[in-house]
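Source file: protein02.pdb (PDB, N, CA and C atoms)
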ATOM      1  N   MET A   1       0.834  -1.178   0.000
ATOM      2  CA  MET A   1       0.000   0.000   0.000
ATOM      3  C   MET A   1       0.884   1.249   0.000
ATOM      4  N   GLU A   2       0.453   2.218  -0.724
ATOM      5  CA  GLU A   2       1.169   3.485  -0.828
ATOM      6  C   GLU A   2       0.876   4.338   0.410
ATOM      7  N   THR A   3       1.938   4.839   1.049
ATOM      8  CA  THR A   3       1.717   5.700   2.211
ATOM      9  C   THR A   3       1.412   7.125   1.755
ATOM     10  N   ARG A   4       0.832   7.898   2.645
ATOM     11  CA  ARG A   4       0.522   9.298   2.332
ATOM     12  C   ARG A   4       1.794  10.095   2.065
ATOM     13  N   VAL A   5       2.837   9.835   2.825
ATOM     14  CA  VAL A   5       4.098  10.566   2.646
ATOM     15  C   VAL A   5       4.697  10.250   1.277
ATOM     16  N   ARG A   6       4.692   8.984   0.898
ATOM     17  CA  ARG A   6       5.225   8.608  -0.411
ATOM     18  C   ARG A   6       4.419   9.271  -1.528
ATOM     19  N   SER A   7       3.106   9.260  -1.427
ATOM     20  CA  SER A   7       2.267   9.918  -2.427
ATOM     21  C   SER A   7       2.586  11.405  -2.503
ATOM     22  N   LEU A   8       2.768  12.038  -1.357
ATOM     23  CA  LEU A   8       3.069  13.461  -1.317
ATOM     24  C   LEU A   8       4.426  13.768  -1.956
ATOM     25  N   VAL A   9       5.447  12.992  -1.632
ATOM     26  CA  VAL A   9       6.781  13.210  -2.198
ATOM     27  C   VAL A   9       6.762  12.997  -3.713
ATOM     28  N   LYS A  10       6.107  11.934  -4.155
ATOM     29  CA  LYS A  10       5.996  11.694  -5.603
ATOM     30  C   LYS A  10       5.299  12.854  -6.295
ATOM     31  N   ALA A  11       4.230  13.340  -5.705
ATOM     32  CA  ALA A  11       3.479  14.453  -6.293
ATOM     33  C   ALA A  11       4.316  15.726  -6.322
ATOM     34  N   LEU A  12       5.069  15.995  -5.264
ATOM     35  CA  LEU A  12       5.918  17.193  -5.229
ATOM     36  C   LEU A  12       7.007  17.147  -6.292
ATOM     37  N   ILE A  13       7.677  16.022  -6.424
ATOM     38  CA  ILE A  13       8.730  15.890  -7.434
ATOM     39  C   ILE A  13       8.154  16.040  -8.838
ATOM     40  N   TRP A  14       7.034  15.382  -9.090
ATOM     41  CA  TRP A  14       6.392  15.493 -10.395
ATOM     42  C   TRP A  14       5.966  16.931 -10.661
ATOM     43  N   ASN A  15       5.491  17.605  -9.635
ATOM     44  CA  ASN A  15       5.052  18.987  -9.766
ATOM     45  C   ASN A  15       6.217  19.921 -10.099
ATOM     46  N   ILE A  16       7.358  19.698  -9.510
ATOM     47  CA  ILE A  16       8.545  20.509  -9.800
ATOM     48  C   ILE A  16       8.962  20.329 -11.259
ATOM     49  N   ILE A  17       8.943  19.103 -11.735
ATOM     50  CA  ILE A  17       9.268  18.829 -13.137
ATOM     51  C   ILE A  17       8.264  19.541 -14.050
ATOM     52  N   GLY A  18       6.987  19.422 -13.729
ATOM     53  CA  GLY A  18       5.947  20.072 -14.528
ATOM     54  C   GLY A  18       6.042  21.584 -14.484
ATOM     55  N   LEU A  19       6.384  22.136 -13.334
ATOM     56  CA  LEU A  19       6.528  23.588 -13.194
ATOM     57  C   LEU A  19       7.630  24.114 -14.107
ATOM     58  N   ALA A  20       8.749  23.410 -14.129
ATOM     59  CA  ALA A  20       9.854  23.823 -15.003
ATOM     60  C   ALA A  20       9.442  23.750 -16.473
ATOM     61  N   ALA A  21       8.785  22.678 -16.855
ATOM     62  CA  ALA A  21       8.364  22.520 -18.252
ATOM     63  C   ALA A  21       7.338  23.578 -18.640
ATOM     64  N   MET A  22       6.364  23.817 -17.778
ATOM     65  CA  MET A  22       5.323  24.792 -18.092
ATOM     66  C   MET A  22       5.854  26.219 -18.088
ATOM     67  N   THR A  23       6.849  26.515 -17.258
ATOM     68  CA  THR A  23       7.472  27.839 -17.284
ATOM     69  C   THR A  23       8.125  28.073 -18.629
ATOM     70  N   LEU A  24       8.815  27.068 -19.127
ATOM     71  CA  LEU A  24       9.452  27.180 -20.437
ATOM     72  C   LEU A  24       8.405  27.359 -21.533
ATOM     73  N   VAL A  25       7.354  26.573 -21.497
ATOM     74  CA  VAL A  25       6.279  26.698 -22.493
ATOM     75  C   VAL A  25       5.641  28.083 -22.401
ATOM     76  N   GLY A  26       5.361  28.540 -21.187
ATOM     77  CA  GLY A  26       4.779  29.862 -20.994
ATOM     78  C   GLY A  26       5.687  30.967 -21.501
ATOM     79  N   LEU A  27       6.972  30.837 -21.257
ATOM     80  CA  LEU A  27       7.948  31.818 -21.754
ATOM     81  C   LEU A  27       7.961  31.840 -23.270
ATOM     82  N   LEU A  28       7.997  30.672 -23.881
ATOM     83  CA  LEU A  28       8.004  30.598 -25.341
ATOM     84  C   LEU A  28       6.708  31.132 -25.938
ATOM     85  N   ALA A  29       5.586  30.899 -25.278
ATOM     86  CA  ALA A  29       4.289  31.329 -25.798
ATOM     87  C   ALA A  29       4.048  32.831 -25.627
ATOM     88  N   THR A  30       4.567  33.390 -24.523
ATOM     89  CA  THR A  30       4.255  34.790 -24.218
ATOM     90  C   THR A  30       5.434  35.730 -24.383
ATOM     91  N   GLY A  31       6.650  35.183 -24.321
ATOM     92  CA  GLY A  31       7.841  36.031 -24.357
ATOM     93  C   GLY A  31       8.136  36.699 -23.024
ATOM     94  N   SER A  32       7.361  36.369 -22.006
ATOM     95  CA  SER A  32       7.516  36.992 -20.688
ATOM     96  C   SER A  32       7.767  35.920 -19.631
ATOM     97  N   VAL A  33       8.857  36.114 -18.882
ATOM     98  CA  VAL A  33       9.156  35.176 -17.798
ATOM     99  C   VAL A  33       8.078  35.288 -16.706
ATOM    100  N   ALA A  34       7.669  36.509 -16.383
ATOM    101  CA  ALA A  34       6.677  36.718 -15.329
ATOM    102  C   ALA A  34       5.334  36.087 -15.694
ATOM    103  N   LEU A  35       4.865  36.349 -16.885
ATOM    104  CA  LEU A  35       3.578  35.788 -17.309
ATOM    105  C   LEU A  35       3.665  34.274 -17.469
ATOM    106  N   GLY A  36       4.745  33.807 -18.084
ATOM    107  CA  GLY A  36       4.935  32.366 -18.235
ATOM    108  C   GLY A  36       5.028  31.659 -16.899
ATOM    109  N   GLY A  37       5.736  32.288 -15.948
ATOM    110  CA  GLY A  37       5.860  31.712 -14.602
ATOM    111  C   GLY A  37       4.541  31.686 -13.863
ATOM    112  N   THR A  38       3.751  32.751 -14.024
ATOM    113  CA  THR A  38       2.428  32.803 -13.383
ATOM    114  C   THR A  38       1.523  31.715 -13.934
ATOM    115  N   MET A  39       1.532  31.570 -15.255
ATOM    116  CA  MET A  39       0.732  30.505 -15.876
ATOM    117  C   MET A  39       1.173  29.136 -15.358
ATOM    118  N   ALA A  40       2.476  28.935 -15.272
ATOM    119  CA  ALA A  40       3.005  27.656 -14.805
ATOM    120  C   ALA A  40       2.636  27.402 -13.348
ATOM    121  N   LEU A  41       2.687  28.443 -12.527
ATOM    122  CA  LEU A  41       2.363  28.286 -11.115
ATOM    123  C   LEU A  41       0.898  27.908 -10.923
ATOM    124  N   ILE A  42       0.010  28.575 -11.634
ATOM    125  CA  ILE A  42      -1.421  28.240 -11.557
ATOM    126  C   ILE A  42      -1.644  26.797 -12.008
ATOM    127  N   ASN A  43      -1.024  26.431 -13.117
ATOM    128  CA  ASN A  43      -1.139  25.066 -13.621
ATOM    129  C   ASN A  43      -0.598  24.058 -12.605
ATOM    130  N   SER A  44       0.499  24.389 -11.959
ATOM    131  CA  SER A  44       1.106  23.480 -10.990
ATOM    132  C   SER A  44       0.226  23.262  -9.773
ATOM    133  N   VAL A  45      -0.386  24.317  -9.277
ATOM    134  CA  VAL A  45      -1.257  24.188  -8.112
ATOM    135  C   VAL A  45      -2.441  23.281  -8.447
ATOM    136  N   ILE A  46      -3.051  23.516  -9.587
ATOM    137  CA  ILE A  46      -4.185  22.679 -10.008
ATOM    138  C   ILE A  46      -3.723  21.243 -10.257
ATOM    139  N   GLY A  47      -2.627  21.087 -10.998
ATOM    140  CA  GLY A  47      -2.118  19.754 -11.313
ATOM    141  C   GLY A  47      -1.692  18.981 -10.080
ATOM    142  N   PHE A  48      -1.038  19.650  -9.135
ATOM    143  CA  PHE A  48      -0.600  19.001  -7.901
ATOM    144  C   PHE A  48      -1.789  18.469  -7.122
ATOM    145  N   THR A  49      -2.810  19.299  -6.980
ATOM    146  CA  THR A  49      -4.002  18.895  -6.244
ATOM    147  C   THR A  49      -4.679  17.700  -6.906
ATOM    148  N   MET A  50      -4.843  17.765  -8.200
ATOM    149  CA  MET A  50      -5.503  16.680  -8.924
ATOM    150  C   MET A  50      -4.679  15.387  -8.869
ATOM    151  N   TYR A  51      -3.362  15.503  -9.040
ATOM    152  CA  TYR A  51      -2.498  14.323  -9.015
ATOM    153  C   TYR A  51      -2.532  13.648  -7.645
ATOM    154  N   LEU A  52      -2.472  14.439  -6.599
ATOM    155  CA  LEU A  52      -2.479  13.872  -5.257
ATOM    156  C   LEU A  52      -3.800  13.152  -4.972
ATOM    157  N   MET A  53      -4.901  13.750  -5.373
ATOM    158  CA  MET A  53      -6.197  13.088  -5.195
ATOM    159  C   MET A  53      -6.264  11.802  -6.021
ATOM    160  N   TYR A  54      -5.754  11.838  -7.223
ATOM    161  CA  TYR A  54      -5.720  10.665  -8.104
ATOM    162  C   TYR A  54      -4.905   9.529  -7.474
ATOM    163  N   GLU A  55      -3.709   9.854  -6.988
ATOM    164  CA  GLU A  55      -2.855   8.841  -6.357
ATOM    165  C   GLU A  55      -3.517   8.231  -5.126
ATOM    166  N   ARG A  56      -4.121   9.068  -4.307
ATOM    167  CA  ARG A  56      -4.771   8.564  -3.092
ATOM    168  C   ARG A  56      -5.971   7.689  -3.450
ATOM    169  N   ALA A  57      -6.698   8.050  -4.474
ATOM    170  CA  ALA A  57      -7.833   7.220  -4.899
ATOM    171  C   ALA A  57      -7.344   5.852  -5.355
ATOM    172  N   TRP A  58      -6.305   5.819  -6.159
ATOM    173  CA  TRP A  58      -5.780   4.547  -6.645
ATOM    174  C   TRP A  58      -5.164   3.709  -5.530
ATOM    175  N   SER A  59      -4.680   4.348  -4.468
ATOM    176  CA  SER A  59      -4.102   3.570  -3.365
ATOM    177  C   SER A  59      -5.166   2.738  -2.650
ATOM    178  N   ARG A  60      -6.430   3.085  -2.832
ATOM    179  CA  ARG A  60      -7.534   2.365  -2.199
ATOM    180  C   ARG A  60      -8.123   1.274  -3.097
ATOM    181  N   ILE A  61      -7.655   1.188  -4.317
ATOM    182  CA  ILE A  61      -8.190   0.222  -5.265
ATOM    183  C   ILE A  61      -7.274  -0.995  -5.318
ATOM    184  N   ALA A  62      -7.814  -2.159  -5.033
ATOM    185  CA  ALA A  62      -7.009  -3.384  -4.978
ATOM    186  C   ALA A  62      -6.799  -4.006  -6.359
ATOM    187  N   TRP A  63      -7.591  -3.630  -7.335
ATOM    188  CA  TRP A  63      -7.523  -4.228  -8.666
ATOM    189  C   TRP A  63      -6.111  -4.134  -9.241
ATOM    190  N   GLY A  64      -5.622  -5.232  -9.772
ATOM    191  CA  GLY A  64      -4.340  -5.268 -10.437
ATOM    192  C   GLY A  64      -3.135  -5.473  -9.542
ATOM    193  N   ARG A  65      -3.355  -5.538  -8.269
ATOM    194  CA  ARG A  65      -2.242  -5.774  -7.336
ATOM    195  C   ARG A  65      -2.043  -7.271  -7.161
ATOM    196  N   GLY A  66      -0.796  -7.676  -7.087
ATOM    197  CA  GLY A  66      -0.501  -9.086  -6.832
ATOM    198  C   GLY A  66      -0.758  -9.408  -5.374
ATOM    199  N   HIS A  67      -1.168 -10.612  -5.118
ATOM    200  CA  HIS A  67      -1.384 -11.039  -3.748
ATOM    201  C   HIS A  67      -0.118 -11.644  -3.214
ATOM    202  N   VAL A  68       0.257 -11.239  -2.012
ATOM    203  CA  VAL A  68       1.488 -11.735  -1.395
ATOM    204  C   VAL A  68       1.163 -12.680  -0.283
TER     205      VAL A  68
END

This entry written out as structure tokens:
Amino acid sequence: METRVRSLVKALIWNIIGLAAMTLVGLLATGSVALGGTMALINSVIGFTMYLMYERAWSRIAWGRGHV
């Protein structure tokens, strides 16, 4: 079973990767570091919340897990 701490750490690391990628995309799309960063930050907050809820939901589903 996935612990809450593990889910949180995985979500944070994934969020940092996504934040960097979205900042670059925002910069390329707008030409502005500030605007691109703001867009990336908003996206990261939404994405982090959704990912964490998704991971926690799947941690409660037994389907597909091997029996030990």

Taking the file as shown, find all residues satisfying the PyMOL selection byres ((chain A and resi 37-42) around 6.5) and write them as a ChimeraX atom specification.
-> /A:19,22-23,26-27,32-36,43-47

Please return as a PDB file with N, CA and C atoms, in the coordinates of the input: the residues of chain A that backbone DSSP assigns to helix (DSSP H, G or I).
ATOM      1  N   ARG A   4       0.832   7.898   2.645  1.00  0.00           N
ATOM      2  CA  ARG A   4       0.522   9.298   2.332  1.00  0.00           C
ATOM      3  C   ARG A   4       1.794  10.095   2.065  1.00  0.00           C
ATOM      4  N   VAL A   5       2.837   9.835   2.825  1.00  0.00           N
ATOM      5  CA  VAL A   5       4.098  10.566   2.646  1.00  0.00           C
ATOM      6  C   VAL A   5       4.697  10.250   1.277  1.00  0.00           C
ATOM      7  N   ARG A   6       4.692   8.984   0.898  1.00  0.00           N
ATOM      8  CA  ARG A   6       5.225   8.608  -0.411  1.00  0.00           C
ATOM      9  C   ARG A   6       4.419   9.271  -1.528  1.00  0.00           C
ATOM     10  N   SER A   7       3.106   9.260  -1.427  1.00  0.00           N
ATOM     11  CA  SER A   7       2.267   9.918  -2.427  1.00  0.00           C
ATOM     12  C   SER A   7       2.586  11.405  -2.503  1.00  0.00           C
ATOM     13  N   LEU A   8       2.768  12.038  -1.357  1.00  0.00           N
ATOM     14  CA  LEU A   8       3.069  13.461  -1.317  1.00  0.00           C
ATOM     15  C   LEU A   8       4.426  13.768  -1.956  1.00  0.00           C
ATOM     16  N   VAL A   9       5.447  12.992  -1.632  1.00  0.00           N
ATOM     17  CA  VAL A   9       6.781  13.210  -2.198  1.00  0.00           C
ATOM     18  C   VAL A   9       6.762  12.997  -3.713  1.00  0.00           C
ATOM     19  N   LYS A  10       6.107  11.934  -4.155  1.00  0.00           N
ATOM     20  CA  LYS A  10       5.996  11.694  -5.603  1.00  0.00           C
ATOM     21  C   LYS A  10       5.299  12.854  -6.295  1.00  0.00           C
ATOM     22  N   ALA A  11       4.230  13.340  -5.705  1.00  0.00           N
ATOM     23  CA  ALA A  11       3.479  14.453  -6.293  1.00  0.00           C
ATOM     24  C   ALA A  11       4.316  15.726  -6.322  1.00  0.00           C
ATOM     25  N   LEU A  12       5.069  15.995  -5.264  1.00  0.00           N
ATOM     26  CA  LEU A  12       5.918  17.193  -5.229  1.00  0.00           C
ATOM     27  C   LEU A  12       7.007  17.147  -6.292  1.00  0.00           C
ATOM     28  N   ILE A  13       7.677  16.022  -6.424  1.00  0.00           N
ATOM     29  CA  ILE A  13       8.730  15.890  -7.434  1.00  0.00           C
ATOM     30  C   ILE A  13       8.154  16.040  -8.838  1.00  0.00           C
ATOM     31  N   TRP A  14       7.034  15.382  -9.090  1.00  0.00           N
ATOM     32  CA  TRP A  14       6.392  15.493 -10.395  1.00  0.00           C
ATOM     33  C   TRP A  14       5.966  16.931 -10.661  1.00  0.00           C
ATOM     34  N   ASN A  15       5.491  17.605  -9.635  1.00  0.00           N
ATOM     35  CA  ASN A  15       5.052  18.987  -9.766  1.00  0.00           C
ATOM     36  C   ASN A  15       6.217  19.921 -10.099  1.00  0.00           C
ATOM     37  N   ILE A  16       7.358  19.698  -9.510  1.00  0.00           N
ATOM     38  CA  ILE A  16       8.545  20.509  -9.800  1.00  0.00           C
ATOM     39  C   ILE A  16       8.962  20.329 -11.259  1.00  0.00           C
ATOM     40  N   ILE A  17       8.943  19.103 -11.735  1.00  0.00           N
ATOM     41  CA  ILE A  17       9.268  18.829 -13.137  1.00  0.00           C
ATOM     42  C   ILE A  17       8.264  19.541 -14.050  1.00  0.00           C
ATOM     43  N   GLY A  18       6.987  19.422 -13.729  1.00  0.00           N
ATOM     44  CA  GLY A  18       5.947  20.072 -14.528  1.00  0.00           C
ATOM     45  C   GLY A  18       6.042  21.584 -14.484  1.00  0.00           C
ATOM     46  N   LEU A  19       6.384  22.136 -13.334  1.00  0.00           N
ATOM     47  CA  LEU A  19       6.528  23.588 -13.194  1.00  0.00           C
ATOM     48  C   LEU A  19       7.630  24.114 -14.107  1.00  0.00           C
ATOM     49  N   ALA A  20       8.749  23.410 -14.129  1.00  0.00           N
ATOM     50  CA  ALA A  20       9.854  23.823 -15.003  1.00  0.00           C
ATOM     51  C   ALA A  20       9.442  23.750 -16.473  1.00  0.00           C
ATOM     52  N   ALA A  21       8.785  22.678 -16.855  1.00  0.00           N
ATOM     53  CA  ALA A  21       8.364  22.520 -18.252  1.00  0.00           C
ATOM     54  C   ALA A  21       7.338  23.578 -18.640  1.00  0.00           C
ATOM     55  N   MET A  22       6.364  23.817 -17.778  1.00  0.00           N
ATOM     56  CA  MET A  22       5.323  24.792 -18.092  1.00  0.00           C
ATOM     57  C   MET A  22       5.854  26.219 -18.088  1.00  0.00           C
ATOM     58  N   THR A  23       6.849  26.515 -17.258  1.00  0.00           N
ATOM     59  CA  THR A  23       7.472  27.839 -17.284  1.00  0.00           C
ATOM     60  C   THR A  23       8.125  28.073 -18.629  1.00  0.00           C
ATOM     61  N   LEU A  24       8.815  27.068 -19.127  1.00  0.00           N
ATOM     62  CA  LEU A  24       9.452  27.180 -20.437  1.00  0.00           C
ATOM     63  C   LEU A  24       8.405  27.359 -21.533  1.00  0.00           C
ATOM     64  N   VAL A  25       7.354  26.573 -21.497  1.00  0.00           N
ATOM     65  CA  VAL A  25       6.279  26.698 -22.493  1.00  0.00           C
ATOM     66  C   VAL A  25       5.641  28.083 -22.401  1.00  0.00           C
ATOM     67  N   GLY A  26       5.361  28.540 -21.187  1.00  0.00           N
ATOM     68  CA  GLY A  26       4.779  29.862 -20.994  1.00  0.00           C
ATOM     69  C   GLY A  26       5.687  30.967 -21.501  1.00  0.00           C
ATOM     70  N   LEU A  27       6.972  30.837 -21.257  1.00  0.00           N
ATOM     71  CA  LEU A  27       7.948  31.818 -21.754  1.00  0.00           C
ATOM     72  C   LEU A  27       7.961  31.840 -23.270  1.00  0.00           C
ATOM     73  N   LEU A  28       7.997  30.672 -23.881  1.00  0.00           N
ATOM     74  CA  LEU A  28       8.004  30.598 -25.341  1.00  0.00           C
ATOM     75  C   LEU A  28       6.708  31.132 -25.938  1.00  0.00           C
ATOM     76  N   ALA A  29       5.586  30.899 -25.278  1.00  0.00           N
ATOM     77  CA  ALA A  29       4.289  31.329 -25.798  1.00  0.00           C
ATOM     78  C   ALA A  29       4.048  32.831 -25.627  1.00  0.00           C
ATOM     79  N   THR A  30       4.567  33.390 -24.523  1.00  0.00           N
ATOM     80  CA  THR A  30       4.255  34.790 -24.218  1.00  0.00           C
ATOM     81  C   THR A  30       5.434  35.730 -24.383  1.00  0.00           C
ATOM     82  N   VAL A  33       8.857  36.114 -18.882  1.00  0.00           N
ATOM     83  CA  VAL A  33       9.156  35.176 -17.798  1.00  0.00           C
ATOM     84  C   VAL A  33       8.078  35.288 -16.706  1.00  0.00           C
ATOM     85  N   ALA A  34       7.669  36.509 -16.383  1.00  0.00           N
ATOM     86  CA  ALA A  34       6.677  36.718 -15.329  1.00  0.00           C
ATOM     87  C   ALA A  34       5.334  36.087 -15.694  1.00  0.00           C
ATOM     88  N   LEU A  35       4.865  36.349 -16.885  1.00  0.00           N
ATOM     89  CA  LEU A  35       3.578  35.788 -17.309  1.00  0.00           C
ATOM     90  C   LEU A  35       3.665  34.274 -17.469  1.00  0.00           C
ATOM     91  N   GLY A  36       4.745  33.807 -18.084  1.00  0.00           N
ATOM     92  CA  GLY A  36       4.935  32.366 -18.235  1.00  0.00           C
ATOM     93  C   GLY A  36       5.028  31.659 -16.899  1.00  0.00           C
ATOM     94  N   GLY A  37       5.736  32.288 -15.948  1.00  0.00           N
ATOM     95  CA  GLY A  37       5.860  31.712 -14.602  1.00  0.00           C
ATOM     96  C   GLY A  37       4.541  31.686 -13.863  1.00  0.00           C
ATOM     97  N   THR A  38       3.751  32.751 -14.024  1.00  0.00           N
ATOM     98  CA  THR A  38       2.428  32.803 -13.383  1.00  0.00           C
ATOM     99  C   THR A  38       1.523  31.715 -13.934  1.00  0.00           C
ATOM    100  N   MET A  39       1.532  31.570 -15.255  1.00  0.00           N
ATOM    101  CA  MET A  39       0.732  30.505 -15.876  1.00  0.00           C
ATOM    102  C   MET A  39       1.173  29.136 -15.358  1.00  0.00           C
ATOM    103  N   ALA A  40       2.476  28.935 -15.272  1.00  0.00           N
ATOM    104  CA  ALA A  40       3.005  27.656 -14.805  1.00  0.00           C
ATOM    105  C   ALA A  40       2.636  27.402 -13.348  1.00  0.00           C
ATOM    106  N   LEU A  41       2.687  28.443 -12.527  1.00  0.00           N
ATOM    107  CA  LEU A  41       2.363  28.286 -11.115  1.00  0.00           C
ATOM    108  C   LEU A  41       0.898  27.908 -10.923  1.00  0.00           C
ATOM    109  N   ILE A  42       0.010  28.575 -11.634  1.00  0.00           N
ATOM    110  CA  ILE A  42      -1.421  28.240 -11.557  1.00  0.00           C
ATOM    111  C   ILE A  42      -1.644  26.797 -12.008  1.00  0.00           C
ATOM    112  N   ASN A  43      -1.024  26.431 -13.117  1.00  0.00           N
ATOM    113  CA  ASN A  43      -1.139  25.066 -13.621  1.00  0.00           C
ATOM    114  C   ASN A  43      -0.598  24.058 -12.605  1.00  0.00           C
ATOM    115  N   SER A  44       0.499  24.389 -11.959  1.00  0.00           N
ATOM    116  CA  SER A  44       1.106  23.480 -10.990  1.00  0.00           C
ATOM    117  C   SER A  44       0.226  23.262  -9.773  1.00  0.00           C
ATOM    118  N   VAL A  45      -0.386  24.317  -9.277  1.00  0.00           N
ATOM    119  CA  VAL A  45      -1.257  24.188  -8.112  1.00  0.00           C
ATOM    120  C   VAL A  45      -2.441  23.281  -8.447  1.00  0.00           C
ATOM    121  N   ILE A  46      -3.051  23.516  -9.587  1.00  0.00           N
ATOM    122  CA  ILE A  46      -4.185  22.679 -10.008  1.00  0.00           C
ATOM    123  C   ILE A  46      -3.723  21.243 -10.257  1.00  0.00           C
ATOM    124  N   GLY A  47      -2.627  21.087 -10.998  1.00  0.00           N
ATOM    125  CA  GLY A  47      -2.118  19.754 -11.313  1.00  0.00           C
ATOM    126  C   GLY A  47      -1.692  18.981 -10.080  1.00  0.00           C
ATOM    127  N   PHE A  48      -1.038  19.650  -9.135  1.00  0.00           N
ATOM    128  CA  PHE A  48      -0.600  19.001  -7.901  1.00  0.00           C
ATOM    129  C   PHE A  48      -1.789  18.469  -7.122  1.00  0.00           C
ATOM    130  N   THR A  49      -2.810  19.299  -6.980  1.00  0.00           N
ATOM    131  CA  THR A  49      -4.002  18.895  -6.244  1.00  0.00           C
ATOM    132  C   THR A  49      -4.679  17.700  -6.906  1.00  0.00           C
ATOM    133  N   MET A  50      -4.843  17.765  -8.200  1.00  0.00           N
ATOM    134  CA  MET A  50      -5.503  16.680  -8.924  1.00  0.00           C
ATOM    135  C   MET A  50      -4.679  15.387  -8.869  1.00  0.00           C
ATOM    136  N   TYR A  51      -3.362  15.503  -9.040  1.00  0.00           N
ATOM    137  CA  TYR A  51      -2.498  14.323  -9.015  1.00  0.00           C
ATOM    138  C   TYR A  51      -2.532  13.648  -7.645  1.00  0.00           C
ATOM    139  N   LEU A  52      -2.472  14.439  -6.599  1.00  0.00           N
ATOM    140  CA  LEU A  52      -2.479  13.872  -5.257  1.00  0.00           C
ATOM    141  C   LEU A  52      -3.800  13.152  -4.972  1.00  0.00           C
ATOM    142  N   MET A  53      -4.901  13.750  -5.373  1.00  0.00           N
ATOM    143  CA  MET A  53      -6.197  13.088  -5.195  1.00  0.00           C
ATOM    144  C   MET A  53      -6.264  11.802  -6.021  1.00  0.00           C
ATOM    145  N   TYR A  54      -5.754  11.838  -7.223  1.00  0.00           N
ATOM    146  CA  TYR A  54      -5.720  10.665  -8.104  1.00  0.00           C
ATOM    147  C   TYR A  54      -4.905   9.529  -7.474  1.00  0.00           C
ATOM    148  N   GLU A  55      -3.709   9.854  -6.988  1.00  0.00           N
ATOM    149  CA  GLU A  55      -2.855   8.841  -6.357  1.00  0.00           C
ATOM    150  C   GLU A  55      -3.517   8.231  -5.126  1.00  0.00           C
ATOM    151  N   ARG A  56      -4.121   9.068  -4.307  1.00  0.00           N
ATOM    152  CA  ARG A  56      -4.771   8.564  -3.092  1.00  0.00           C
ATOM    153  C   ARG A  56      -5.971   7.689  -3.450  1.00  0.00           C
ATOM    154  N   ALA A  57      -6.698   8.050  -4.474  1.00  0.00           N
ATOM    155  CA  ALA A  57      -7.833   7.220  -4.899  1.00  0.00           C
ATOM    156  C   ALA A  57      -7.344   5.852  -5.355  1.00  0.00           C
ATOM    157  N   TRP A  58      -6.305   5.819  -6.159  1.00  0.00           N
ATOM    158  CA  TRP A  58      -5.780   4.547  -6.645  1.00  0.00           C
ATOM    159  C   TRP A  58      -5.164   3.709  -5.530  1.00  0.00           C
ATOM    160  N   SER A  59      -4.680   4.348  -4.468  1.00  0.00           N
ATOM    161  CA  SER A  59      -4.102   3.570  -3.365  1.00  0.00           C
ATOM    162  C   SER A  59      -5.166   2.738  -2.650  1.00  0.00           C
TER     163      SER A  59
END

Since I can't run it myself right now, could you work out what the PyMOL selection byres (((chain A and resi 3-10 and name CA) around 12) and name CA) selects here and report it as a short mmCIF file (atom, residue, chain, number, x, y, z; two decimals) with N, CA and C atoms, keeping the file's coordinate frame?
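Printed below is part-v2.cif as written:
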data_model
loop_
_atom_site.label_atom_id
_atom_site.label_comp_id
_atom_site.auth_asym_id
_atom_site.auth_seq_id
_atom_site.Cartn_x
_atom_site.Cartn_y
_atom_site.Cartn_z
N MET A 1 0.83 -1.18 0.00
CA MET A 1 0.00 0.00 0.00
C MET A 1 0.88 1.25 0.00
N GLU A 2 0.45 2.22 -0.72
CA GLU A 2 1.17 3.48 -0.83
C GLU A 2 0.88 4.34 0.41
N ALA A 11 4.23 13.34 -5.70
CA ALA A 11 3.48 14.45 -6.29
C ALA A 11 4.32 15.73 -6.32
N LEU A 12 5.07 16.00 -5.26
CA LEU A 12 5.92 17.19 -5.23
C LEU A 12 7.01 17.15 -6.29
N ILE A 13 7.68 16.02 -6.42
CA ILE A 13 8.73 15.89 -7.43
C ILE A 13 8.15 16.04 -8.84
N TRP A 14 7.03 15.38 -9.09
CA TRP A 14 6.39 15.49 -10.40
C TRP A 14 5.97 16.93 -10.66
N ASN A 15 5.49 17.60 -9.64
CA ASN A 15 5.05 18.99 -9.77
C ASN A 15 6.22 19.92 -10.10
N ILE A 16 7.36 19.70 -9.51
CA ILE A 16 8.54 20.51 -9.80
C ILE A 16 8.96 20.33 -11.26
N ILE A 17 8.94 19.10 -11.74
CA ILE A 17 9.27 18.83 -13.14
C ILE A 17 8.26 19.54 -14.05
N PHE A 48 -1.04 19.65 -9.14
CA PHE A 48 -0.60 19.00 -7.90
C PHE A 48 -1.79 18.47 -7.12
N THR A 49 -2.81 19.30 -6.98
CA THR A 49 -4.00 18.90 -6.24
C THR A 49 -4.68 17.70 -6.91
N MET A 50 -4.84 17.76 -8.20
CA MET A 50 -5.50 16.68 -8.92
C MET A 50 -4.68 15.39 -8.87
N TYR A 51 -3.36 15.50 -9.04
CA TYR A 51 -2.50 14.32 -9.02
C TYR A 51 -2.53 13.65 -7.64
N LEU A 52 -2.47 14.44 -6.60
CA LEU A 52 -2.48 13.87 -5.26
C LEU A 52 -3.80 13.15 -4.97
N MET A 53 -4.90 13.75 -5.37
CA MET A 53 -6.20 13.09 -5.20
C MET A 53 -6.26 11.80 -6.02
N TYR A 54 -5.75 11.84 -7.22
CA TYR A 54 -5.72 10.66 -8.10
C TYR A 54 -4.90 9.53 -7.47
N GLU A 55 -3.71 9.85 -6.99
CA GLU A 55 -2.86 8.84 -6.36
C GLU A 55 -3.52 8.23 -5.13
N ARG A 56 -4.12 9.07 -4.31
CA ARG A 56 -4.77 8.56 -3.09
C ARG A 56 -5.97 7.69 -3.45
N ALA A 57 -6.70 8.05 -4.47
CA ALA A 57 -7.83 7.22 -4.90
C ALA A 57 -7.34 5.85 -5.36
N TRP A 58 -6.30 5.82 -6.16
CA TRP A 58 -5.78 4.55 -6.64
C TRP A 58 -5.16 3.71 -5.53
N SER A 59 -4.68 4.35 -4.47
CA SER A 59 -4.10 3.57 -3.36
C SER A 59 -5.17 2.74 -2.65
N ARG A 60 -6.43 3.08 -2.83
CA ARG A 60 -7.53 2.37 -2.20
C ARG A 60 -8.12 1.27 -3.10
#

Using only the atoms of range 32-41 of chain A listed in the file, plus 6 Å on each side, state the axis-aligned box centre and edge lengths in Å rounded to one decimal, as AutoDock Vina command-line options.
--center_x 4.9 --center_y 32.2 --center_z -16.5 --size_x 20.4 --size_y 21.6 --size_z 23.1
